[in-house]
Number of protein chains: 4
Amino acid sequence: MVKVAILGATGYAALELIKILLAHPEVEITALTTRQEGSPHVQTIHPSLHGRLDLTCDNLTTDEICQKADVVFCALPHKASMEVIPQLLAGGCKVVDLSADYRLNDPGVYEQWYGEVHTDPTRLGNTVYGLPEIWSDRIPGSELVANPGCYTSTSILGLAPLIAGGHIEPTGIFIDAKSGISGAGRGPKLTTLYPECNESVAAYSVGRHRHTPEINQILSEVGGCQVEVVFTPHLMPMDRGILCSMYTKLKSAITEDELLDVMRKYYSGKPFVRIVEHLPATKDVTGSNFCDITVRRVGDNAIIFSCTDNLIKGAAGVAVQNFNLVCGFEETMGLLP
Amino acid sequence: MVKVAILGATGYAALELIKILLAHPEVEITALTTRQEGSPHVQTIHPSLHGRLDLTCDNLTTDEICQKADVVFCALPHKASMEVIPQLLAGGCKVVDLSADYRLNDPGVYEQWYGEVHTDPTRLGNTVYGLPEIWSDRIPGSELVANPGCYTSTSILGLAPLIAGGHIEPTGIFIDAKSGISGAGRGPKLTTLYPECNESVAAYSVGRHRHTPEINQILSEVGGCQVEVVFTPHLMPMDRGILCSMYTKLKSAITEDELLDVMRKYYSGKPFVRIVEHLPATKDVTGSNFCDITVRRVGDNAIIFSCTDNLIKGAAGVAVQNFNLVCGFEETMGLLP
Amino acid sequence: MVKVAILGATGYAALELIKILLAHPEVEITALTTRQEGSPHVQTIHPSLHGRLDLTCDNLTTDEICQKADVVFCALPHKASMEVIPQLLAGGCKVVDLSADYRLNDPGVYEQWYGEVHTDPTRLGNTVYGLPEIWSDRIPGSELVANPGCYTSTSILGLAPLIAGGHIEPTGIFIDAKSGISGAGRGPKLTTLYPECNESVAAYSVGRHRHTPEINQILSEVGGCQVEVVFTPHLMPMDRGILCSMYTKLKSAITEDELLDVMRKYYSGKPFVRIVEHLPATKDVTGSNFCDITVRRVGDNAIIFSCTDNLIKGAAGVAVQNFNLVCGFEETMGLLP
Amino acid sequence: MVKVAILGATGYAALELIKILLAHPEVEITALTTRQEGSPHVQTIHPSLHGRLDLTCDNLTTDEICQKADVVFCALPHKASMEVIPQLLAGGCKVVDLSADYRLNDPGVYEQWYGEVHTDPTRLGNTVYGLPEIWSDRIPGSELVANPGCYTSTSILGLAPLIAGGHIEPTGIFIDAKSGISGAGRGPKLTTLYPECNESVAAYSVGRHRHTPEINQILSEVGGCQVEVVFTPHLMPMDRGILCSMYTKLKSAITEDELLDVMRKYYSGKPFVRIVEHLPATKDVTGSNFCDITVRRVGDNAIIFSCTDNLIKGAAGVAVQNFNLVCGFEETMGLLP
């Protein structure tokens with residue numbers, strides 16, 4: 001059994017992570033952390049875990065964490081992550097980081113988008129990006145994996161096949177992303193109060209959402225050319241789910257069926273990507289680690305629809321997928337419902 | 001035109017109040033207050049008011065308020081209300097108070113349920129309770145009206161006819177109340193975050209909700225005997241609306257049709273109470289000042305269903321109804337859609 | 001008082017129309033029709049109207065309608081509309097048609113998109129399109145007005161200023177439209193059952209939604225050139241509201257502030273379009289006849305956000321706006337809350 | 001591996017059943033039935049199953065079913081169930097029936113509440129009621145198990161400990177039940193359209209819901225006396241979940257802590273009932289087979305709150321629990337997340 005700690009155990013993604021790991025045959029959860037006072041029991045924080053996990057959430061030092069765990073899932077906010085991860089690695093832990101701190105390659109880009117100087121810049125450019133459908137070969141054996149953002153995974157998985165195949169223009173790609181509210185976190189804010197979000201939809205962070213450089217970086221590497229997307233996120237009145245509707249220009253004549261075939265071949269053997277013929281709904285992937293994708297040709301445009309559960313394939317599920325690959329387990333272990 | 005100020009203009013009930021008053025033919029809104037810094041424009045606080053009201057929300061003294069307004073709607077939290085209302089009255093304003101500060105008759109009961117010593121106890125027992133369907137004769141000309149709580153109005157309007165007529169037992173009444181989330185206010189709290197409330201229903205404050213003594217006080221006066229209800233509120237995943245399902249014991253043989261007739265007669269000539277034969281849904285009253293009520297006889301029990309829009313008939317609408325009566329206007333002015 | 005009939009009174013838009021007309025100072029509703037058997041009372045069909053309108057919904061002939069009404073709001077499905085409208089006009093009624101039957105100019109285009117031969121082709125090309133913010137001068141005195149589609153109004157109002165000013169490319173415009181479920185009508189269908197729609201979002205009718213030719217036709221006339229949009233609608237888990245996020249290419253260097261100014265000037269004096277600086281939310285226009293619009297410049301692209309209440313500005317509200325213009329009333333009569 | 005067929009595979013409970021059984025280590029799903037024409041693939045009916053189960057839904061005879069399956073889950077409507085179950089049993093299948101057809105003991109009561117003469121009356125009174133927390137000893141080895149109704153399980157599990165212990169009055173129990181919309185099934189109906197249910201709450205079937213005699217029958221057996229509940233269901237705007245708020249009179253002095261202890265002892269060793277101290281929310285049990293229960297003492301009343309996921313513990317989950325007991329597997333197999 002692998003001993004596992006979860007840092008920042010009070011959030012929504014952490015709850016999903018705990019639920020997945022409780023059912024994982026090779027995992028024992030040994031530590032949960034929070035900055036909240038008083039070591040609350042995890043079932044006080046997450047009543048759905050009542051009777052299922054007898055642990056408190058403690059304010060542990062990195063030393064204490066390293067004594068308790070072999071692998072650490074870090075669900076801290078950005079900046080907080082890079083403050084503890086070097087010590088966790090030095091202490092012998094492997095780390096799957098759910099924050100944004102190790103996703104970008106370039107410290108300058110990090111500083112530009114996150115407004116912080118990166119304190120671990122050398123490791124930044126040398127950390128594997130944990131999107132197993134794209135680079136499963138890079139992940140096994142890594143000591144640190146940067147888990148992708150939820151919008152990022154959903155967008156990249158939808159675009160990668162046609163970018164890699166050179167079927168669409170690499171610039172002028174419009175991503176209209178629609179997310180459930182849980183993506184905004186569990187901290188009380190006016191903008192995510194129920195009566196503010198319910199019965200309403202609106203865009204936010206237009207032209208400046210932090211997942212933009214992440215999408216561009218990965219797709220540029222996938223396509224071998226400079227990819228630039230215009231990313232526009234929206235909040236939907238629902239708990240969970242992301243749908244990315246992506247508007248792209250075809251580079252040459254190709255039918256809708258051929259586009260679907262390109263996608264199917266690209267993800268051949270990948271257990272969590274499903275190329276579907278219908279227009280996918282977020283509900284179809286809720287609670288699962290699947291990413292459902294399809295494409296429609298309209299005139300000279302390819303419109304790609306990609307959807308995930310933002311807390312599973314967009315966070316906790318892919319984290320466990322990365323964990324499995326890091327530890328040498330079957331990629332799907334604990335993840336197929 | 002009556003000059004009107006709204007204290008605590010940033011909340012949900014205040015927004016509805018502003019919208020109603022903007023369409024009221026005899027009102028000019030002259031002042032809005034908030035404790036927020038920087039005098040934000042009301043359309044920054046409430047984007048739905050864009051272009052409709054050119055006022056900032058200011059941190060005004062009671063003197064300044066009295067210079068600007070003839071009538072004040074006080075939408076402050078309890079305790080804050082009783083700190084300013086004596087000065088407003090002394091300054092010549094009439095006041096409709098949406099807080100709980102002047103609803104109860106007994107300072108001891110106030111202290112017991114609100115945990116505060118009442119600082120204006122003399123006025124407490126002498127303030128008219130603003131439920132116009134019950135005591136419309138007491139409201140005209142009052143300088144201060146205590147606007148009822150949202151659960152309170154909905155419960156009392158449903159129960160009053162059968163209590164007044166002596167048709168049901170005055171004790172052992174179970175009120176199962178179901179409210180939309182806006183009733184919990186606009187302050188950011190974990191418990192009213194979208195992902196906490198959505199796709200879920202739960203009870204809260206069982207046996208200790210502050211609207212309980214208010215319901216008992218008014219119904220006891222209506223019935224001429226000690227009425228005691230067991231009040232159990234629940235939060236529903238919706239913005240607005242209250243449904244009270246009220247379980248009572250009949251005192252004698254009476255048919256369902258006769259019960260409906262008792263209700264119809266009790267509210268004869270009351271424009272905002274509708275005795276209906278179908279089971280009312282909160283959606284039927286959303287955005288209106290109506291209270292829809294019906295009754296079913298099941299065995300020796302009368303089950304009464306009463307519903308309102310908690311922000312309108314439960315707060316802003318009845319406040320304007322009281323304002324109309326205080327000022328000598330038609331009771332329905334500005335309130336019939 | 002103008003006597004008004006509403007054909008097809010059982011749907012969601014018809015309910016909003018009735019509510020608006022009940023508060024309209026110059027209107028008397030004299031007839032409601034339905035194909036349902038048994039002449040149900042309107043308050044049985046729409047319980048929210050309980051006690052407010054004492055009319056049954058009848059299966060009336062066009063002769064009977066003409067005897068009862070001066071102006072007819074036709075909320076029938078397409079095809080059913082063009083079967084009765086010629087007779088209503090012949091009988092002396094003026095008609096505001098909420099269906100799609102008289103919106104397009106070209107019978108061939110109608111047949112292509114609606115799969116029906118148009119039975120009143122001469123009138124088709126000569127009917128005024130009822131978007132008062134664009135052509136208010138054409139509407140007064142018309143005997144027949146084609147009320148625009150909900151997606152159509154929202155899209156056109158957002159795009160028209162920049163198309164008219166020649167600031168954006170007229171082709172390659174991607175409209176990502178997000179609508180509440182009421183837009184799909186009140187007929188029971190699997191796809192609009194609560195558990196199918198709730199907690200989910202998906203696109204539908206990609207590349208073949210019938211509002212596409214309508215948008216292209218009107219914007220081409222506005223711009224004086226061939227405008228072609230790629231229109232992609234999505235269903236959101238909410239009752240009401242449409243947000244169109246529209247991705248366009250700028251033709252020349254122009255700042256975001258200048259784009260906003262172009263919009264403000266274009267709609268100067270138009271009471272129901274609000275050019276806002278924040279990102280508009282559908283909630284801000286729910287229940288109102290407003291269309292809130294803003295624009296963001298991202299690189300060489302202009303992203304336009306436009307939102308309406310699909311049942312008001314997208315249907316019943318603009319219908320009354322057209323009615324007011326047809327009858328010579330103030331454009332805002334009965335429509336300003 | 002046990003070969004399993006699911007009859008009526010197109011509904012919401014059937015989908016959950018398929019998902020649970022796909023993860024069950026001892027089950028192979030071999031047949032799915034529907035009355036729909038054309039043998040649709042299950043992933044067309046339930047897109048969330050894409051790629052997970054390669055079966056069509058066929059209109060099979062009972063003979064064909066018996067050839068394909070050892071155990072049949074019957075998710076047909078009432079009446080349809082009793083038409084096929086005798087043949088399935090005669091053909092050697094064991095059956096878990098999710099319909100109401102074999103839940104009541106008395107054919108007369110069945111006829112009174114369901115309006116149909118029962119066609120298999122002998123078996124009716126001799127079929128085990130599949131509520132394993134109450135009668136787990138009766139279920140093992142049964143050839144036919146009557147799976148309880150969703151409201152029924154939730155109500156009975158909450159009330160049984162205090163009824164069995166004689167702590168509450170057996171009559172005058174008010175059950176205020178709140179259910180998500182999926183409980184109303186997947187057939188298109190006006191009453192369960194999204195815009196009818198969303199942002200609204202209302203009671204239905206007051207005094208005549210068919211789960212009432214089922215609750216009374218079981219609790220009377222549990223208590224050894226005539227138990228009579230007044231059952232009032234409400235539809236909530238959410239997909240899944242039932243909360244029963246149950247208002248009862250205490251028979252003698254007993255503290256809240258003692259009441260909780262009675263509950264804990266009653267369910268000692270039962271893996272799916274969790275006696276909690278907080279007020280349970282339906283969200284805490286969504287997707288799980290748990291029933292969360294608590295009690296509050298208010299005056300001389302005990303108010304019991306019990307919640308389940310109506311599709312899991314209320315239908316598919318308890319069906320698999322019964323299946324496990326029938327087949328001699330561990331009760332929790334495939335059910336602990």
# chains A, B, ... in the order shown; residues from 1 in each chain; ligands from 1

$ residues_around --residues "Lys178 of chain D" --least-positions-apart "5" --cutoff "12 Å" --atoms "only C-alpha atoms" --output "MDAnalysis selection string"
(chainID B and resid 176:178 200:203 234:237 243 245) or (chainID D and resid 150:151 154:155 183 201:204 231:246 281:282 305:310)

$ select_by_dssp --residues "segment 158-239 of chain D" --states "alpha helix (DSSP H)" --output "list in words"
Gly158, Leu159, Ala160, Pro161, Leu162, Ile163, Ala164, Tyr194, Pro195, Glu196, Cys197, His211, Thr212, Pro213, Glu214, Ile215, Asn216, Gln217, Ile218, Leu219, Ser220, Glu221, Val222 and Gly223 of chain D

$ write_last_selection --atoms "N, CA, C and O atoms" --output "short mmCIF file (atom, residue, chain, number, x, y, z; two decimals), in the first residue's frame"
data_model
loop_
_atom_site.label_atom_id
_atom_site.label_comp_id
_atom_site.auth_asym_id
_atom_site.auth_seq_id
_atom_site.Cartn_x
_atom_site.Cartn_y
_atom_site.Cartn_z
N GLY D 158 -35.88 6.02 8.84
CA GLY D 158 -35.85 7.06 9.86
C GLY D 158 -36.74 6.76 11.05
O GLY D 158 -36.38 7.04 12.20
N LEU D 159 -37.89 6.18 10.81
CA LEU D 159 -38.87 5.99 11.88
C LEU D 159 -38.70 4.66 12.64
O LEU D 159 -39.09 4.57 13.81
N ALA D 160 -38.19 3.64 11.97
CA ALA D 160 -38.21 2.29 12.55
C ALA D 160 -37.62 2.21 13.96
O ALA D 160 -38.25 1.59 14.85
N PRO D 161 -36.45 2.80 14.22
CA PRO D 161 -35.89 2.62 15.58
C PRO D 161 -36.81 3.13 16.67
O PRO D 161 -36.98 2.46 17.70
N LEU D 162 -37.41 4.29 16.48
CA LEU D 162 -38.23 4.86 17.55
C LEU D 162 -39.61 4.19 17.60
O LEU D 162 -40.22 4.12 18.67
N ILE D 163 -40.09 3.69 16.49
CA ILE D 163 -41.32 2.90 16.49
C ILE D 163 -41.07 1.56 17.18
O ILE D 163 -41.84 1.13 18.06
N ALA D 164 -39.99 0.90 16.79
CA ALA D 164 -39.69 -0.41 17.39
C ALA D 164 -39.48 -0.30 18.89
O ALA D 164 -39.88 -1.19 19.65
N TYR D 194 -38.36 21.07 -17.41
CA TYR D 194 -37.45 21.93 -16.65
C TYR D 194 -38.08 23.25 -16.21
O TYR D 194 -38.04 23.58 -15.02
N PRO D 195 -38.71 24.02 -17.12
CA PRO D 195 -39.20 25.33 -16.67
C PRO D 195 -40.41 25.25 -15.73
O PRO D 195 -40.79 26.25 -15.14
N GLU D 196 -41.01 24.09 -15.60
CA GLU D 196 -42.11 23.92 -14.64
C GLU D 196 -41.57 23.67 -13.23
O GLU D 196 -42.18 24.09 -12.25
N CYS D 197 -40.46 22.94 -13.16
CA CYS D 197 -39.94 22.50 -11.86
C CYS D 197 -38.89 23.43 -11.28
O CYS D 197 -38.76 23.55 -10.06
N HIS D 211 -47.10 5.44 -1.78
CA HIS D 211 -46.14 4.89 -0.83
C HIS D 211 -46.70 4.86 0.60
O HIS D 211 -46.11 4.24 1.47
N THR D 212 -47.82 5.54 0.80
CA THR D 212 -48.40 5.60 2.15
C THR D 212 -48.74 4.21 2.72
O THR D 212 -48.30 3.88 3.84
N PRO D 213 -49.51 3.37 2.01
CA PRO D 213 -49.85 2.07 2.62
C PRO D 213 -48.61 1.20 2.82
O PRO D 213 -48.58 0.37 3.75
N GLU D 214 -47.61 1.39 1.98
CA GLU D 214 -46.37 0.61 2.12
C GLU D 214 -45.66 0.98 3.42
O GLU D 214 -45.20 0.12 4.17
N ILE D 215 -45.58 2.28 3.68
CA ILE D 215 -44.94 2.74 4.92
C ILE D 215 -45.73 2.21 6.13
O ILE D 215 -45.15 1.67 7.08
N ASN D 216 -47.05 2.36 6.08
CA ASN D 216 -47.87 1.90 7.21
C ASN D 216 -47.73 0.40 7.44
O ASN D 216 -47.64 -0.05 8.59
N GLN D 217 -47.75 -0.37 6.37
CA GLN D 217 -47.67 -1.83 6.50
C GLN D 217 -46.38 -2.26 7.20
O GLN D 217 -46.39 -3.05 8.15
N ILE D 218 -45.27 -1.71 6.71
CA ILE D 218 -43.97 -2.16 7.24
C ILE D 218 -43.78 -1.66 8.68
O ILE D 218 -43.37 -2.42 9.57
N LEU D 219 -44.10 -0.40 8.92
CA LEU D 219 -43.90 0.13 10.28
C LEU D 219 -44.84 -0.54 11.27
O LEU D 219 -44.49 -0.71 12.45
N SER D 220 -46.02 -0.93 10.84
CA SER D 220 -46.93 -1.64 11.75
C SER D 220 -46.33 -2.97 12.14
O SER D 220 -46.40 -3.38 13.31
N GLU D 221 -45.69 -3.63 11.19
CA GLU D 221 -45.04 -4.89 11.54
C GLU D 221 -43.84 -4.64 12.45
O GLU D 221 -43.63 -5.37 13.43
N VAL D 222 -43.07 -3.60 12.14
CA VAL D 222 -41.91 -3.28 12.97
C VAL D 222 -42.35 -2.95 14.40
O VAL D 222 -41.71 -3.36 15.37
N GLY D 223 -43.44 -2.20 14.53
CA GLY D 223 -43.85 -1.71 15.84
C GLY D 223 -44.78 -2.66 16.58
O GLY D 223 -45.04 -2.49 17.77
#

$ closest_residue --among "B:Asn322, B:Ser268, B:Thr192, B:Ser153" --to "Cys291 of chain B" --atoms "only C-alpha atoms"
B:Ser153

$ closest_atom_pairs --of "chain A" --to "chain D" --cutoff "9 Å" --atoms "only C-alpha atoms" --output "JSON lines"
{"residue": "A:Lys19", "atom": "CA", "partner": "D:Pro337", "partner_atom": "CA", "distance": 7.3}
{"residue": "A:Ile20", "atom": "CA", "partner": "D:Pro337", "partner_atom": "CA", "distance": 7.9}
{"residue": "A:Leu22", "atom": "CA", "partner": "D:Pro337", "partner_atom": "CA", "distance": 7.6}
{"residue": "A:Ala23", "atom": "CA", "partner": "D:Pro337", "partner_atom": "CA", "distance": 6.0}
{"residue": "A:His46", "atom": "CA", "partner": "D:Asp284", "partner_atom": "CA", "distance": 8.2}
{"residue": "A:Pro47", "atom": "CA", "partner": "D:Asp284", "partner_atom": "CA", "distance": 6.1}
{"residue": "A:Ser48", "atom": "CA", "partner": "D:Asp284", "partner_atom": "CA", "distance": 4.2}
{"residue": "A:Leu49", "atom": "CA", "partner": "D:Asp284", "partner_atom": "CA", "distance": 7.9}
{"residue": "A:His50", "atom": "CA", "partner": "D:Arg274", "partner_atom": "CA", "distance": 7.5}
{"residue": "A:Gly51", "atom": "CA", "partner": "D:Arg274", "partner_atom": "CA", "distance": 7.5}
{"residue": "A:Glu199", "atom": "CA", "partner": "D:Glu199", "partner_atom": "CA", "distance": 8.5}
{"residue": "A:Arg274", "atom": "CA", "partner": "D:Gly51", "partner_atom": "CA", "distance": 7.5}
{"residue": "A:Val276", "atom": "CA", "partner": "D:His50", "partner_atom": "CA", "distance": 7.8}
{"residue": "A:His278", "atom": "CA", "partner": "D:Pro47", "partner_atom": "CA", "distance": 8.6}
{"residue": "A:Pro280", "atom": "CA", "partner": "D:Pro47", "partner_atom": "CA", "distance": 8.2}
{"residue": "A:Ala281", "atom": "CA", "partner": "D:Pro47", "partner_atom": "CA", "distance": 8.7}
{"residue": "A:Lys283", "atom": "CA", "partner": "D:Ser48", "partner_atom": "CA", "distance": 7.6}
{"residue": "A:Asp284", "atom": "CA", "partner": "D:Ser48", "partner_atom": "CA", "distance": 4.1}
{"residue": "A:Val285", "atom": "CA", "partner": "D:Ser48", "partner_atom": "CA", "distance": 6.2}
{"residue": "A:Thr286", "atom": "CA", "partner": "D:Ser48", "partner_atom": "CA", "distance": 8.6}
{"residue": "A:Gly287", "atom": "CA", "partner": "D:Gly287", "partner_atom": "CA", "distance": 8.8}
{"residue": "A:Leu336", "atom": "CA", "partner": "D:Ala23", "partner_atom": "CA", "distance": 8.0}
{"residue": "A:Pro337", "atom": "CA", "partner": "D:Ala23", "partner_atom": "CA", "distance": 6.0}

$ residues_around --residues "Val128 of chain B" --least-positions-apart "3" --cutoff "9 Å" --atoms "only C-alpha atoms" --output "ChimeraX atom specification"
/B:102-103,125,131,135,138-139,142,144-147

$ residues_around --residues "Lys68 of chain B" --least-positions-apart "6" --cutoff "8 Å" --atoms "only C-alpha atoms" --output "PyMOL selection string"
chain B and resi 3-5+30-31

$ residues_around --residues "Glu256 of chain C" --least-positions-apart "2" --cutoff "12 Å" --atoms "only C-alpha atoms" --output "PyMOL selection string"
chain C and resi 162+167+250+253-254+258-263+277+294-304

$ write_last_selection --atoms "C-alpha atoms" --output "tab-separated table (two decimals), in the first residue's frame"
chain	number	residue	atom	x	y	z
C	162	LEU	CA	-19.87	47.19	-35.37
C	167	HIS	CA	-15.39	47.75	-37.76
C	250	LEU	CA	-11.50	43.64	-36.20
C	253	ALA	CA	-7.00	49.37	-35.26
C	254	ILE	CA	-9.59	50.60	-32.80
C	258	GLU	CA	-13.82	53.42	-29.09
C	259	LEU	CA	-15.79	50.24	-29.74
C	260	LEU	CA	-17.96	50.98	-26.72
C	261	ASP	CA	-18.49	54.50	-27.99
C	262	VAL	CA	-19.59	53.23	-31.38
C	263	MET	CA	-22.16	51.09	-29.60
C	277	GLU	CA	-18.78	48.27	-19.20
C	294	THR	CA	-20.53	45.08	-23.95
C	295	VAL	CA	-17.40	44.42	-25.98
C	296	ARG	CA	-13.85	43.33	-25.17
C	297	ARG	CA	-10.89	43.64	-27.46
C	298	VAL	CA	-8.56	40.64	-27.24
C	299	GLY	CA	-5.70	40.89	-29.73
C	300	ASP	CA	-7.21	41.75	-33.09
C	301	ASN	CA	-10.56	40.36	-32.10
C	302	ALA	CA	-13.65	42.02	-30.74
C	303	ILE	CA	-15.63	39.76	-28.42
C	304	ILE	CA	-19.15	41.01	-27.98

$ select_by_dssp --residues "segment 41-250 of chain C" --states "strand (DSSP E)" --output "count of residues only"
39

$ residues_around --residues "segment 95-97 of chain A" --least-positions-apart "5" --cutoff "9 Å" --atoms "only C-alpha atoms" --output "mmCIF file with C-alpha atoms, in the first residue's frame"
data_model
loop_
_atom_site.group_PDB
_atom_site.id
_atom_site.type_symbol
_atom_site.label_atom_id
_atom_site.label_comp_id
_atom_site.auth_asym_id
_atom_site.auth_seq_id
_atom_site.Cartn_x
_atom_site.Cartn_y
_atom_site.Cartn_z
ATOM 1 C CA ASP A 70 5.192 8.290 0.278
ATOM 2 C CA VAL A 71 3.230 10.366 -2.201
ATOM 3 C CA VAL A 72 1.727 13.797 -1.631
ATOM 4 C CA PHE A 73 -1.209 15.278 -3.509
ATOM 5 C CA CYS A 74 -0.810 19.011 -3.200
ATOM 6 C CA ALA A 75 -4.163 20.788 -3.507
ATOM 7 C CA LEU A 76 -2.903 24.095 -2.149
ATOM 8 C CA SER A 81 2.519 24.957 -3.494
ATOM 9 C CA ILE A 85 7.090 21.192 -2.760
ATOM 10 C CA LEU A 88 8.640 17.527 0.186
ATOM 11 C CA LEU A 89 10.814 16.329 -2.684
ATOM 12 C CA TYR A 102 4.790 23.876 -12.019
ATOM 13 C CA GLY A 130 0.564 15.553 -16.298
ATOM 14 C CA SER A 142 8.617 11.233 -12.186
ATOM 15 C CA GLU A 143 9.113 12.654 -8.715
ATOM 16 C CA LEU A 144 6.920 15.670 -9.441
ATOM 17 C CA VAL A 145 3.959 15.915 -11.802
ATOM 18 C CA ALA A 146 2.178 19.190 -12.596
ATOM 19 C CA ASN A 147 -1.485 18.315 -12.809
ATOM 20 C CA PRO A 148 -3.177 20.352 -15.564
ATOM 21 C CA ALA A 319 -4.248 13.388 -10.452
ATOM 22 C CA VAL A 320 -4.874 9.744 -9.596
ATOM 23 C CA ASN A 322 -0.822 10.515 -12.865
ATOM 24 C CA PHE A 323 -0.280 8.887 -9.473
#

$ residues_around --residues "Leu60 of chain D" --least-positions-apart "2" --cutoff "9 Å" --atoms "only C-alpha atoms" --output "list of chain:residue names"
D:Ala31, D:Leu32, D:Thr33, D:Thr34, D:Arg35, D:Cys57, D:Asp58, D:Thr62, D:Asp63, D:Glu64, D:Ile65

$ atom_distance --atom1 "atom CA of Ile173 of chain B" --atom2 "atom CA of Gly224 of chain D"
27.5 Å

$ atom_distance --atom1 "atom CA of Ser252 of chain A" --atom2 "atom CA of Cys225 of chain A"
17.3 Å

$ atom_distance --atom1 "atom CA of Met1 of chain B" --atom2 "atom CA of Cys327 of chain B"
10.8 Å
